[in-house]
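Raw upload.cif, mmCIF, C-alpha atoms:
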```cif
data_my_file
#
loop_
_atom_site.label_atom_id
_atom_site.label_comp_id
_atom_site.auth_asym_id
_atom_site.auth_seq_id
_atom_site.Cartn_x
_atom_site.Cartn_y
_atom_site.Cartn_z
CA MET A 1200 -4.45 -96.03 176.95
CA GLY A 1201 -2.13 -97.04 174.17
CA VAL A 1202 -3.42 -94.20 172.03
CA GLY A 1203 -0.88 -91.46 171.37
CA ILE A 1204 -1.72 -87.86 172.25
CA SER A 1205 -2.12 -86.79 168.65
CA VAL A 1206 -4.43 -89.71 167.89
CA ARG A 1207 -6.51 -88.97 171.01
CA ASP A 1208 -6.85 -85.38 169.84
CA MET A 1209 -7.78 -86.49 166.35
CA ILE A 1210 -10.57 -88.68 167.76
CA ALA A 1211 -11.72 -85.86 170.05
CA LYS A 1212 -11.70 -83.38 167.17
CA ARG A 1213 -13.91 -85.67 165.09
CA ALA A 1214 -16.28 -86.13 168.04
CA ALA A 1215 -16.56 -82.34 168.41
CA GLU A 1216 -18.13 -82.24 164.92
CA GLU A 1217 -21.13 -84.15 166.33
CA ILE A 1218 -21.94 -81.29 168.71
CA GLU A 1219 -24.32 -78.51 167.66
CA ASP A 1220 -24.92 -75.06 169.05
CA GLY A 1221 -27.24 -74.98 172.06
CA MET A 1222 -26.83 -78.63 173.05
CA VAL A 1223 -26.57 -80.01 176.59
CA VAL A 1224 -23.52 -82.29 176.61
CA ASN A 1225 -21.89 -84.66 179.10
CA LEU A 1226 -18.26 -85.67 178.61
CA GLY A 1227 -16.95 -88.79 180.31
CA ILE A 1228 -13.54 -88.90 181.96
CA GLY A 1229 -10.41 -89.56 179.88
CA MET A 1230 -10.40 -88.99 176.13
CA PRO A 1231 -13.96 -87.53 176.03
CA THR A 1232 -12.85 -84.53 178.14
CA LEU A 1233 -10.57 -83.50 175.25
CA VAL A 1234 -13.62 -82.87 173.04
CA ALA A 1235 -14.23 -79.52 174.76
CA ASN A 1236 -10.87 -78.25 173.44
CA HIS A 1237 -11.96 -78.82 169.84
CA LEU A 1238 -15.29 -77.00 169.73
CA PRO A 1239 -15.29 -74.05 167.32
CA ALA A 1240 -15.88 -70.64 168.95
CA HIS A 1241 -19.34 -70.22 167.39
CA ILE A 1242 -20.66 -73.40 169.04
CA ASN A 1243 -21.97 -72.67 172.52
CA VAL A 1244 -23.07 -75.62 174.60
CA MET A 1245 -23.85 -76.29 178.25
CA PHE A 1246 -21.58 -78.99 179.61
CA HIS A 1247 -23.26 -81.10 182.28
CA ALA A 1248 -21.42 -82.62 185.25
CA GLU A 1249 -22.99 -85.40 187.33
CA ASN A 1250 -21.88 -83.80 190.60
CA GLY A 1251 -24.28 -80.93 190.03
CA VAL A 1252 -23.11 -78.32 187.53
CA LEU A 1253 -24.63 -77.28 184.21
CA GLY A 1254 -22.30 -74.98 182.31
CA THR A 1255 -18.79 -76.10 183.20
CA GLY A 1256 -15.97 -74.08 181.65
CA PRO A 1257 -12.25 -74.47 181.00
CA THR A 1258 -9.67 -75.53 183.58
CA PRO A 1259 -8.74 -72.54 185.79
CA VAL A 1260 -5.24 -71.10 185.64
CA LYS A 1261 -2.94 -72.44 188.33
CA GLY A 1262 -3.44 -70.66 191.64
CA GLU A 1263 -7.01 -69.63 190.85
CA GLU A 1264 -8.68 -72.99 191.49
CA ASP A 1265 -11.74 -73.03 193.74
CA GLU A 1266 -11.64 -76.01 196.11
CA ASN A 1267 -15.45 -76.23 196.03
CA LEU A 1268 -15.75 -76.21 192.24
CA CYS A 1269 -14.83 -79.44 190.50
CA ASN A 1270 -16.07 -81.72 187.76
CA ALA A 1271 -17.23 -85.32 188.20
CA GLY A 1272 -13.62 -86.47 187.98
CA GLY A 1273 -12.67 -84.29 190.98
CA LEU A 1274 -10.64 -81.85 188.88
CA PRO A 1275 -10.96 -78.07 189.31
CA ILE A 1276 -13.10 -76.27 186.74
CA THR A 1277 -14.59 -72.87 186.02
CA VAL A 1278 -18.15 -72.10 184.95
CA VAL A 1279 -19.53 -70.19 181.96
CA PRO A 1280 -22.17 -67.40 182.07
CA GLY A 1281 -25.58 -69.02 182.62
CA ALA A 1282 -24.18 -71.91 184.63
CA SER A 1283 -26.10 -73.38 187.55
CA TYR A 1284 -25.35 -75.50 190.63
CA PHE A 1285 -27.72 -78.13 191.98
CA ASP A 1286 -27.71 -81.35 193.98
CA SER A 1287 -27.05 -84.78 192.48
CA THR A 1288 -30.73 -85.68 192.07
CA TYR A 1289 -31.21 -82.73 189.69
CA ALA A 1290 -28.09 -83.79 187.79
CA PHE A 1291 -29.70 -87.16 187.12
CA SER A 1292 -33.18 -85.75 186.57
CA ILE A 1293 -31.66 -83.91 183.61
CA ILE A 1294 -30.31 -87.22 182.30
CA ARG A 1295 -33.33 -89.49 182.96
CA ARG A 1296 -35.76 -86.88 181.65
CA GLY A 1297 -33.99 -87.03 178.28
CA LEU A 1298 -32.64 -83.47 178.37
CA LEU A 1299 -29.07 -84.48 177.61
CA ASP A 1300 -28.50 -84.11 173.87
CA VAL A 1301 -25.15 -85.87 173.70
CA THR A 1302 -23.03 -88.03 175.96
CA ILE A 1303 -19.50 -88.96 174.94
CA LEU A 1304 -17.95 -91.90 176.73
CA GLY A 1305 -15.45 -94.73 176.52
CA ALA A 1306 -16.16 -98.46 176.08
CA PHE A 1307 -14.73 -101.93 176.53
CA GLU A 1308 -17.02 -103.38 173.83
CA VAL A 1309 -19.77 -102.23 171.48
CA SER A 1310 -21.97 -104.73 169.65
CA GLU A 1311 -23.52 -104.79 166.21
CA LYS A 1312 -26.84 -103.70 167.70
CA GLY A 1313 -25.28 -100.82 169.61
CA ASP A 1314 -25.13 -102.60 172.96
CA LEU A 1315 -22.55 -100.98 175.24
CA ALA A 1316 -20.27 -102.65 177.80
CA ASN A 1317 -18.21 -100.08 179.70
CA TRP A 1318 -18.59 -100.60 183.42
CA ILE A 1319 -17.47 -104.00 184.55
CA VAL A 1320 -14.90 -106.64 183.62
CA PRO A 1321 -15.81 -109.41 186.09
CA LYS A 1322 -12.94 -110.20 188.50
CA LYS A 1323 -10.75 -107.50 186.89
CA ILE A 1324 -12.25 -104.02 186.72
CA VAL A 1325 -15.01 -103.70 189.30
CA SER A 1326 -15.06 -99.98 189.97
CA GLY A 1327 -18.84 -99.56 189.91
CA MET A 1328 -21.12 -98.08 187.30
CA GLY A 1329 -21.21 -94.50 188.61
CA GLY A 1330 -23.58 -92.64 186.30
CA ALA A 1331 -22.70 -94.68 183.20
CA ILE A 1332 -25.98 -96.57 182.98
CA GLU A 1333 -28.11 -93.43 183.20
CA LEU A 1334 -25.98 -91.68 180.57
CA ALA A 1335 -25.97 -94.61 178.13
CA GLN A 1336 -29.64 -95.42 178.57
CA LYS A 1337 -31.09 -91.90 178.51
CA ALA A 1338 -28.93 -89.47 176.50
CA LYS A 1339 -30.47 -88.62 173.12
CA LYS A 1340 -27.20 -89.41 171.34
CA VAL A 1341 -24.50 -91.71 172.70
CA ILE A 1342 -21.06 -91.35 171.14
CA VAL A 1343 -18.34 -93.85 172.03
CA LEU A 1344 -14.67 -92.90 171.73
CA MET A 1345 -12.21 -95.77 171.95
CA ASN A 1346 -9.34 -97.69 170.41
CA HIS A 1347 -10.57 -99.84 167.58
CA VAL A 1348 -8.88 -102.90 169.11
CA ASP A 1349 -7.75 -103.72 172.65
CA LYS A 1350 -4.15 -103.88 173.89
CA LYS A 1351 -3.81 -107.44 172.62
CA GLY A 1352 -5.17 -106.46 169.21
CA ASN A 1353 -8.59 -108.03 169.71
CA PRO A 1354 -11.56 -106.24 168.13
CA LYS A 1355 -13.73 -104.19 170.51
CA ILE A 1356 -16.55 -103.85 168.01
CA VAL A 1357 -18.17 -107.27 168.15
CA SER A 1358 -21.27 -109.15 167.00
CA GLU A 1359 -22.31 -109.75 170.64
CA CYS A 1360 -20.74 -108.24 173.77
CA THR A 1361 -19.09 -110.80 176.05
CA LEU A 1362 -18.98 -108.43 179.06
CA PRO A 1363 -22.00 -107.44 181.17
CA LEU A 1364 -23.91 -104.67 179.41
CA THR A 1365 -24.18 -101.09 180.59
CA ALA A 1366 -27.23 -100.64 178.36
CA LYS A 1367 -28.75 -102.34 175.33
CA ARG A 1368 -29.08 -100.72 171.88
CA CYS A 1369 -27.91 -97.33 173.10
CA VAL A 1370 -24.83 -96.39 171.03
CA ASP A 1371 -25.36 -94.08 168.03
CA VAL A 1372 -21.83 -93.36 166.84
CA ILE A 1373 -18.45 -95.05 167.40
CA ILE A 1374 -15.31 -93.00 166.77
CA THR A 1375 -11.98 -94.83 166.94
CA ASP A 1376 -8.39 -94.34 165.84
CA MET A 1377 -9.33 -96.23 162.64
CA ALA A 1378 -12.88 -95.29 161.72
CA VAL A 1379 -16.21 -93.58 162.28
CA ILE A 1380 -19.13 -96.00 162.48
CA GLU A 1381 -22.82 -95.17 162.76
CA VAL A 1382 -25.28 -97.56 164.37
CA SER A 1383 -28.72 -98.03 162.80
CA GLN A 1384 -31.50 -100.64 162.76
CA GLU A 1385 -29.76 -102.34 159.82
CA GLY A 1386 -26.44 -102.59 161.61
CA LEU A 1387 -23.08 -100.81 161.69
CA HIS A 1388 -22.31 -98.39 158.88
CA LEU A 1389 -18.68 -97.62 158.21
CA ILE A 1390 -18.85 -94.00 157.09
CA GLU A 1391 -15.28 -92.73 157.51
CA VAL A 1392 -11.85 -94.28 157.60
CA MET A 1393 -9.11 -92.46 159.52
CA GLU A 1394 -5.69 -91.96 157.96
CA PRO A 1395 -3.52 -93.94 157.34
CA PHE A 1396 -5.89 -96.92 157.41
CA THR A 1397 -7.79 -98.62 154.59
CA VAL A 1398 -11.33 -100.02 154.50
CA GLU A 1399 -9.83 -103.53 154.41
CA GLN A 1400 -7.81 -102.88 157.58
CA VAL A 1401 -10.89 -101.56 159.38
CA VAL A 1402 -12.96 -104.57 158.34
CA LYS A 1403 -10.18 -106.92 159.48
CA SER A 1404 -10.01 -105.20 162.90
CA THR A 1405 -13.78 -105.35 163.42
CA GLU A 1406 -15.45 -108.57 164.52
CA ALA A 1407 -18.96 -107.27 163.81
CA LYS A 1408 -20.32 -107.05 160.29
CA LEU A 1409 -19.86 -103.62 158.70
CA ILE A 1410 -22.02 -102.03 156.03
CA ILE A 1411 -19.56 -100.02 153.94
CA ALA A 1412 -20.75 -96.58 152.85
CA GLU A 1413 -20.91 -96.17 149.07
CA HIS A 1414 -18.38 -93.33 149.01
CA LEU A 1415 -15.78 -95.68 150.52
CA THR A 1416 -16.16 -98.46 147.96
CA MET B 983 -32.06 -72.73 221.07
CA THR B 984 -28.90 -73.83 219.35
CA LYS B 985 -27.88 -77.04 217.61
CA VAL B 986 -24.20 -76.12 217.67
CA LYS B 987 -21.98 -78.62 219.49
CA ALA B 988 -18.29 -79.49 219.75
CA VAL B 989 -17.23 -82.00 217.11
CA HIS B 990 -16.17 -84.57 219.75
CA ASP B 991 -19.62 -84.48 221.38
CA ALA B 992 -21.30 -84.87 217.99
CA VAL B 993 -19.11 -87.77 216.89
CA SER B 994 -19.69 -89.56 220.22
CA ARG B 995 -23.07 -90.52 218.73
CA ILE B 996 -21.23 -92.72 216.22
CA GLU B 997 -20.30 -96.14 217.59
CA ASN B 998 -18.68 -99.29 216.24
CA GLY B 999 -21.13 -100.80 213.76
CA THR B 1000 -23.13 -97.62 213.14
CA THR B 1001 -24.54 -97.01 209.64
CA VAL B 1002 -23.20 -93.66 208.44
CA MET B 1003 -24.37 -91.91 205.30
CA TYR B 1004 -21.99 -89.22 204.04
CA GLY B 1005 -22.27 -86.33 201.63
CA GLY B 1006 -19.66 -85.64 198.98
CA PHE B 1007 -18.58 -86.58 195.48
CA GLY B 1008 -14.99 -87.65 194.74
CA GLY B 1009 -13.88 -86.40 198.16
CA ILE B 1010 -15.25 -82.89 197.56
CA GLY B 1011 -18.00 -82.20 200.06
CA ASN B 1012 -17.09 -85.02 202.46
CA PRO B 1013 -17.09 -83.42 205.94
CA PRO B 1014 -13.33 -83.42 206.73
CA THR B 1015 -13.39 -82.54 210.43
CA ILE B 1016 -16.04 -85.15 211.30
CA ILE B 1017 -14.14 -87.83 209.34
CA LYS B 1018 -10.88 -86.88 211.07
CA THR B 1019 -12.60 -87.22 214.44
CA ILE B 1020 -14.05 -90.65 213.55
CA LEU B 1021 -10.50 -91.73 212.66
CA GLU B 1022 -9.05 -90.36 215.90
CA LYS B 1023 -11.70 -92.07 218.02
CA GLY B 1024 -10.90 -95.44 216.49
CA ILE B 1025 -14.50 -96.13 215.47
CA ARG B 1026 -14.79 -99.22 213.25
CA ASP B 1027 -17.11 -101.77 211.61
CA LEU B 1028 -19.05 -98.95 210.00
CA THR B 1029 -21.55 -99.43 207.22
CA LEU B 1030 -20.96 -96.45 204.92
CA ILE B 1031 -23.43 -95.12 202.36
CA GLY B 1032 -22.37 -92.46 199.87
CA ASN B 1033 -21.69 -91.65 196.25
CA ASP B 1034 -18.17 -93.06 196.01
CA ALA B 1035 -15.12 -94.24 197.97
CA GLY B 1036 -13.28 -90.92 197.72
CA PHE B 1037 -9.53 -90.93 197.24
CA PRO B 1038 -7.15 -93.08 199.35
CA HIS B 1039 -6.07 -90.20 201.62
CA VAL B 1040 -8.83 -87.66 201.08
CA GLY B 1041 -12.28 -87.50 202.62
CA ILE B 1042 -14.24 -90.68 203.23
CA GLY B 1043 -11.47 -92.62 201.47
CA GLN B 1044 -9.39 -92.44 204.66
CA LEU B 1045 -11.98 -94.50 206.57
CA ILE B 1046 -11.83 -97.14 203.81
CA THR B 1047 -8.04 -97.11 203.69
CA GLU B 1048 -7.86 -97.47 207.50
CA LYS B 1049 -10.28 -100.44 207.31
CA ARG B 1050 -12.93 -98.78 209.46
CA ALA B 1051 -15.80 -99.93 207.23
CA LYS B 1052 -17.21 -103.43 206.89
CA LYS B 1053 -19.70 -102.49 204.20
CA LEU B 1054 -20.05 -99.74 201.60
CA ILE B 1055 -23.08 -98.84 199.50
CA ALA B 1056 -21.90 -96.58 196.64
CA SER B 1057 -22.01 -96.02 192.90
CA HIS B 1058 -18.28 -95.92 192.20
CA ILE B 1059 -15.00 -96.87 193.87
CA GLY B 1060 -12.62 -96.26 190.96
CA SER B 1061 -10.85 -93.27 192.56
CA ASN B 1062 -9.85 -95.32 195.63
CA PRO B 1063 -7.91 -98.48 194.71
CA ASN B 1064 -7.90 -99.52 198.39
CA ALA B 1065 -11.65 -100.08 198.24
CA GLY B 1066 -11.30 -102.47 195.30
CA LYS B 1067 -8.46 -104.32 197.00
CA LEU B 1068 -10.37 -104.73 200.29
CA MET B 1069 -13.42 -105.92 198.37
CA HIS B 1070 -11.28 -108.43 196.47
CA ASP B 1071 -9.72 -109.66 199.74
CA GLY B 1072 -13.16 -110.11 201.31
CA GLU B 1073 -12.55 -107.43 203.96
CA LEU B 1074 -15.12 -104.97 202.63
CA GLU B 1075 -18.56 -105.80 201.30
CA ILE B 1076 -19.63 -103.42 198.54
CA GLU B 1077 -23.10 -102.94 197.13
CA PHE B 1078 -23.30 -100.87 193.94
CA SER B 1079 -26.23 -98.72 192.90
CA PRO B 1080 -26.35 -96.52 189.78
CA GLN B 1081 -25.47 -92.95 190.77
CA GLY B 1082 -28.81 -91.35 189.95
CA THR B 1083 -30.70 -94.23 191.55
CA LEU B 1084 -28.54 -94.06 194.68
CA VAL B 1085 -29.28 -90.40 195.31
CA GLU B 1086 -33.01 -90.89 194.68
CA ARG B 1087 -32.93 -93.76 197.19
CA MET B 1088 -31.41 -91.30 199.68
CA ARG B 1089 -34.09 -88.76 198.90
CA ALA B 1090 -36.79 -91.45 199.22
CA GLY B 1091 -35.46 -92.46 202.63
CA GLY B 1092 -35.18 -88.84 203.65
CA SER B 1093 -38.70 -88.11 202.42
CA GLY B 1094 -40.50 -90.98 204.09
CA LEU B 1095 -41.21 -92.80 200.82
CA GLY B 1096 -41.38 -96.58 200.47
CA GLY B 1097 -39.22 -96.70 197.36
CA ILE B 1098 -38.82 -95.37 193.86
CA LEU B 1099 -39.57 -96.79 190.40
CA VAL B 1100 -36.78 -96.51 187.83
CA ASP B 1101 -35.94 -98.20 184.55
CA ILE B 1102 -32.21 -97.58 184.89
CA GLY B 1103 -30.29 -100.83 184.45
CA ILE B 1104 -33.44 -102.85 183.79
CA ASP B 1105 -31.69 -104.85 181.04
CA GLY B 1106 -28.62 -105.82 183.06
CA LEU B 1107 -27.01 -106.87 186.32
CA VAL B 1108 -28.67 -104.03 188.24
CA ALA B 1109 -32.06 -105.69 187.80
CA GLU B 1110 -31.03 -108.97 189.45
CA ASN B 1111 -33.17 -109.90 192.46
CA LYS B 1112 -35.26 -106.74 192.21
CA GLN B 1113 -39.03 -106.59 192.09
CA LYS B 1114 -40.47 -105.28 188.81
CA VAL B 1115 -43.53 -103.05 188.70
CA ASP B 1116 -45.64 -102.24 185.64
CA VAL B 1117 -47.11 -98.76 185.39
CA ASP B 1118 -49.14 -97.77 182.31
CA GLY B 1119 -47.48 -100.44 180.18
CA LYS B 1120 -43.92 -99.60 181.20
CA THR B 1121 -41.80 -101.79 183.46
CA TYR B 1122 -39.73 -100.34 186.28
CA LEU B 1123 -37.48 -101.66 189.01
CA LEU B 1124 -38.54 -101.08 192.58
CA GLU B 1125 -35.54 -99.50 194.28
CA THR B 1126 -35.66 -99.34 198.06
CA PRO B 1127 -35.15 -96.24 200.23
CA LEU B 1128 -31.92 -95.61 202.14
CA ILE B 1129 -31.81 -94.41 205.72
CA ALA B 1130 -28.82 -94.24 208.07
CA ASP B 1131 -28.36 -94.10 211.83
CA ILE B 1132 -26.22 -91.02 211.33
CA ALA B 1133 -25.87 -88.69 208.34
CA ILE B 1134 -22.74 -86.55 208.07
CA VAL B 1135 -22.92 -83.49 205.87
CA PHE B 1136 -20.69 -80.65 204.71
CA ALA B 1137 -22.18 -77.18 204.25
CA LYS B 1138 -20.78 -73.77 203.42
CA LYS B 1139 -22.94 -71.99 205.97
CA ALA B 1140 -25.29 -73.06 208.72
CA ASP B 1141 -27.29 -71.00 211.15
CA THR B 1142 -27.74 -72.17 214.73
CA TYR B 1143 -31.08 -73.78 213.82
CA GLY B 1144 -29.35 -75.92 211.16
CA ASN B 1145 -30.59 -74.17 208.03
CA LEU B 1146 -28.00 -74.89 205.37
CA ILE B 1147 -26.40 -73.31 202.34
CA PHE B 1148 -23.90 -75.16 200.19
CA ASP B 1149 -21.09 -73.98 197.95
CA LYS B 1150 -20.91 -74.67 194.21
CA SER B 1151 -20.21 -78.31 193.37
CA ALA B 1152 -19.54 -79.15 197.04
CA ARG B 1153 -23.34 -79.31 197.31
CA ASN B 1154 -23.55 -82.60 195.31
CA THR B 1155 -25.18 -85.27 197.51
CA ASN B 1156 -25.12 -83.26 200.74
CA PRO B 1157 -28.74 -81.99 200.70
CA LEU B 1158 -30.01 -85.57 200.12
CA VAL B 1159 -27.82 -87.06 202.82
CA ALA B 1160 -28.94 -84.34 205.24
CA MET B 1161 -32.52 -85.66 204.92
CA ALA B 1162 -31.73 -89.36 205.31
CA GLY B 1163 -30.14 -89.65 208.75
CA ASN B 1164 -32.00 -90.61 211.90
CA LEU B 1165 -29.51 -88.15 213.34
CA THR B 1166 -27.97 -85.57 211.01
CA ILE B 1167 -24.66 -83.94 211.90
CA VAL B 1168 -23.57 -81.00 209.75
CA GLU B 1169 -20.04 -79.65 209.49
CA ALA B 1170 -20.22 -76.03 208.36
CA GLU B 1171 -17.41 -73.76 207.22
CA GLU B 1172 -19.26 -70.86 208.80
CA ILE B 1173 -21.92 -70.77 211.52
CA VAL B 1174 -24.13 -67.69 211.73
CA PRO B 1175 -26.86 -66.58 214.18
CA ILE B 1176 -30.43 -67.63 213.47
CA GLY B 1177 -32.16 -65.10 211.23
CA GLU B 1178 -29.05 -64.16 209.33
CA LEU B 1179 -29.65 -66.40 206.31
CA ASP B 1180 -32.14 -65.22 203.71
CA PRO B 1181 -35.00 -67.79 203.77
CA GLU B 1182 -35.00 -67.69 199.94
CA GLU B 1183 -31.42 -68.97 199.74
CA ILE B 1184 -31.66 -71.82 202.27
CA VAL B 1185 -31.29 -75.19 200.52
CA THR B 1186 -31.81 -77.54 203.47
CA PRO B 1187 -34.36 -76.50 206.11
CA GLY B 1188 -33.08 -76.82 209.67
CA ALA B 1189 -35.82 -79.32 210.61
CA PHE B 1190 -33.69 -82.05 208.99
CA VAL B 1191 -30.61 -81.14 211.01
CA ASP B 1192 -29.86 -82.20 214.60
CA ILE B 1193 -26.30 -81.06 215.26
CA VAL B 1194 -24.05 -78.40 213.72
CA VAL B 1195 -20.28 -78.42 214.19
CA LYS B 1196 -17.65 -75.94 213.05
CA SER B 1197 -15.31 -77.10 210.30
CA GLU B 1198 -11.57 -76.89 210.83
CA GLY B 1199 -11.22 -76.37 207.08
CA VAL B 1200 -11.25 -78.42 203.94
CA ASN B 1201 -8.42 -80.61 202.69
CA TRP B 1202 -9.60 -81.87 199.33
CA LYS B 1203 -7.27 -79.72 197.27
CA TRP B 1204 -5.02 -82.76 197.50
CA VAL B 1205 -7.32 -84.55 195.13
CA TRP B 1206 -5.90 -82.54 192.26
CA GLU B 1207 -2.62 -81.17 193.59
#
```

Output the structure of this file as structure tokens.
Amino acid sequence: MGVGISVRDMIAKRAAEEIEDGMVVNLGIGMPTLVANHLPAHINVMFHAENGVLGTGPTPVKGEEDENLCNAGGLPITVVPGASYFDSTYAFSIIRRGLLDVTILGAFEVSEKGDLANWIVPKKIVSGMGGAIELAQKAKKVIVLMNHVDKKGNPKIVSECTLPLTAKRCVDVIITDMAVIEVSQEGLHLIEVMEPFTVEQVVKSTEAKLIIAEHLT
Amino acid sequence: MTKVKAVHDAVSRIENGTTVMYGGFGGIGNPPTIIKTILEKGIRDLTLIGNDAGFPHVGIGQLITEKRAKKLIASHIGSNPNAGKLMHDGELEIEFSPQGTLVERMRAGGSGLGGILVDIGIDGLVAENKQKVDVDGKTYLLETPLIADIAIVFAKKADTYGNLIFDKSARNTNPLVAMAGNLTIVEAEEIVPIGELDPEEIVTPGAFVDIVVKSEGVNWKWVWE
């Protein structure tokens, strides 16, 4: 929303660099789904879908969709060799058991400590948490893709979240249209600045305190 | 012995005010013929339990759109704006449960368990008003089992005893829902004689199933067309 196609693809392409060969990966709906398009051919991963598929593949060509084969967003998919089907409890056993290497999702707010708010805006967006809490709380690595600021220009990376939390201290990496930020015990590390922005602009658009990586100073 | 019945006879077990648990995820795997029959019969004031609110005109979403439900227990309603609107207007009560917790609650109900212990959502709103239990130094929420008067299920194939096989991602919550009904009605795309299914490939044993009806065909292509 509000992010142009090329910018969305740039964010997705950067997120794809976080994925290693052999990983089990869950992509949230929206911008995170684009990440699959940017994986190099030598990286083979098993994409996990909450509705009960491990090993989802590309969108089928028009006319060859299978009405009983969809992703968690209800869109038709294909599967890759080695894929499996199972019921929803298995899908979440994989998540709760800590077998998901990476989850890539969107956010309303992320705090300095890595708290994530992405499921409810009281009185406005009350669509339910779906599987967001399980994913945020249990995936080994949680990567957030979002606009650096909201539609009104307010920072989304804040010292404390104002919205109800999905999970505490769960986010590992934040990738936005302006920057790449890593979350650690010490706080938020600004490690990359996206073109055409400057460190100063990123700092100004971030409410939380940023630790600037040496190579950027 | 056969559990196969006409869909109208099966749906006659559902009355105004019945609690109905339904299989399916984003419309896919909701039993279309049973839902159509509930709509035609004018049944209302249902309490619905299932993964999500479907889409406005696909699957279980039609019952929401037509205001046939007074309460919904689900994990997500984002794909059906009518559910959010009815909730906002006070015409539909909605209780949210995290997706993985919801399906384990179904399995607990369907397995005769008194509840499950999970740490999902323990730091947030999900934990409100829930009992906490310590096990070996870790704290969990006690989540209660779910059981329904009637469970409605979609399967790819059923035999006349009610053994079930599902198809790809249309399996989703269906095997859990099949276990959690006091009466389980299955809509199958294909019904075969007893003995025809390989026991190794059966996902849901027929003991959980009371009634099997023949599907008139699926309609959830509309979700993405």

Inset, instruction - Counting only C-alpha atoms, note down every residue that has an atom within 6 Å of the point (-26.9, -100.9, 170.3) (file coordinates), as a list in words. - result: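 Final list of nearby residues, as requested, is Lys1312, Gly1313, Asp1314, Lys1367, Arg1368, Cys1369 and Val1370 of chain A.
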
Inset, instruction - Could you pull out every residue with an atom within 7 Å of (-21.1, -86.4, 180.0), file coordinates, counting all atoms listed in the file, and send them as a ChimeraX atom specification? - result: /A:1224-1227,1247-1248,1302-1303

Legend entry - Selection: 9 Å around Ile1218 in chain A, only C-alpha atoms, excl. self and same-chain fewer than 4 positions, as JSON, numbers by chain: {"A": [1214, 1222, 1224, 1238, 1242, 1244, 1300, 1301]}

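When the distance limit is 7 Å and only C-alpha atoms are what count, the residues near Asp1371 in chain A, minus those fewer than 4 positions from it on the same chain, are Gly1313, Lys1340, Val1341, Ile1342, Glu1381 and Val1382 of chain A.
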
Inset, instruction - Return the neighbours of chain B among the residues of chain A, cut-off 8 Å, counting all atoms listed in the file, as a ChimeraX atom specification. - result: /A:1250-1252,1266-1275,1284-1288,1290-1292,1325-1333,1336,1363-1367

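CA of Gly1352 in chain A is positioned 18.3 Å from CA of Val1379 in chain A.
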
Inset, instruction - Would you mind listing what lies within 9 Å of Leu1409 in chain A as a count of residues only, with all atoms listed in the file counted and same-chain residues fewer than 4 positions away left out? - result: 8

Legend entry - Residues in the PyMOL selection byres ((chain B and resi 1176) around 9), expressed as a count of residues only: 12

Legend entry - Gap from CA of Leu1165 in chain B to CA of Ala1090 in chain B - Å, one decimal: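 CA of Ala1090 in chain B lies 16.2 Å from CA of Leu1165 in chain B.
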
Inset, instruction - Select, from A:Val1206, A:Leu1315, A:Ala1215, A:Val1278, the residue with the minimum atom-to-atom distance to Pro1395 in chain A, counting only C-alpha atoms. - result: A:Val1206

Inset, instruction - Mind giving me the straight-line distance from CA of Gln1113 in chain B to CA of Ile1098 in chain B in Å, one decimal? - result: 11.4 Å

Inset, instruction - Would you kindly return, as a PyMOL selection string, each protein, DNA or RNA residue with an atom no farther than 12 Å from any atom of range 1044-1050 of chain B, considering all atoms listed in the file and excluding same-chain residues fewer than 5 positions away? - result: chain B and resi 997-1002+1004+1009+1012-1014+1016-1031+1034-1039+1059+1061-1069+1071-1076+1202

Shell of 6 Å around range 1254-1262 of chain A, only C-alpha atoms, local chain residues under 4 positions omitted, as a PDB file with C-alpha atoms, in the coordinates of the input:
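Final file, part-v4.pdb:
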```
ATOM      1  CA  MET A1245     -23.850 -76.290 178.250  1.00  0.00           C
ATOM      2  CA  PHE A1246     -21.580 -78.990 179.610  1.00  0.00           C
ATOM      3  CA  ILE A1276     -13.100 -76.270 186.740  1.00  0.00           C
ATOM      4  CA  THR A1277     -14.590 -72.870 186.020  1.00  0.00           C
ATOM      5  CA  VAL A1278     -18.150 -72.100 184.950  1.00  0.00           C
ATOM      6  CA  VAL A1279     -19.530 -70.190 181.960  1.00  0.00           C
ATOM      7  CA  ALA A1282     -24.180 -71.910 184.630  1.00  0.00           C
TER       8      ALA A1282
END
```

Legend entry - Pick from B:Met1003, B:Ile1184, B:Ile1147, B:Leu1123, whichever lies nearest to Ala1162 in chain B using all atoms listed in the file: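 Between B:Met1003, B:Ile1184, B:Ile1147, B:Leu1123, the residue approaching Ala1162 in chain B most closely is B:Met1003.
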
Inset, instruction - Specify as a PyMOL selection string each residue included when the PyMOL selection byres ((chain B and resi 1131) around 6) is applied to this file. - result: chain B and resi 1001+1130+1132+1163-1164

Limited to C-alpha atoms, could you put the picked residues into a file as a compact mmCIF listing (two decimals), in the coordinates of the input?
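The resulting file, result29.txt, is reproduced below:
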```txt
# COMPACT_ATOMS: atom_id res chain seq x y z
CA THR B 1001 -24.54 -97.01 209.64
CA ALA B 1130 -28.82 -94.24 208.07
CA ILE B 1132 -26.22 -91.02 211.33
CA GLY B 1163 -30.14 -89.65 208.75
CA ASN B 1164 -32.00 -90.61 211.90
```

Inset, instruction - Report the residues retrieved by the PyMOL selection byres ((chain B and resi 1160) around 8) from the displayed file, expressed as a PyMOL selection string. - result: chain B and resi 1005+1092+1133-1135+1156-1159+1161-1163+1166-1168+1186+1190-1191
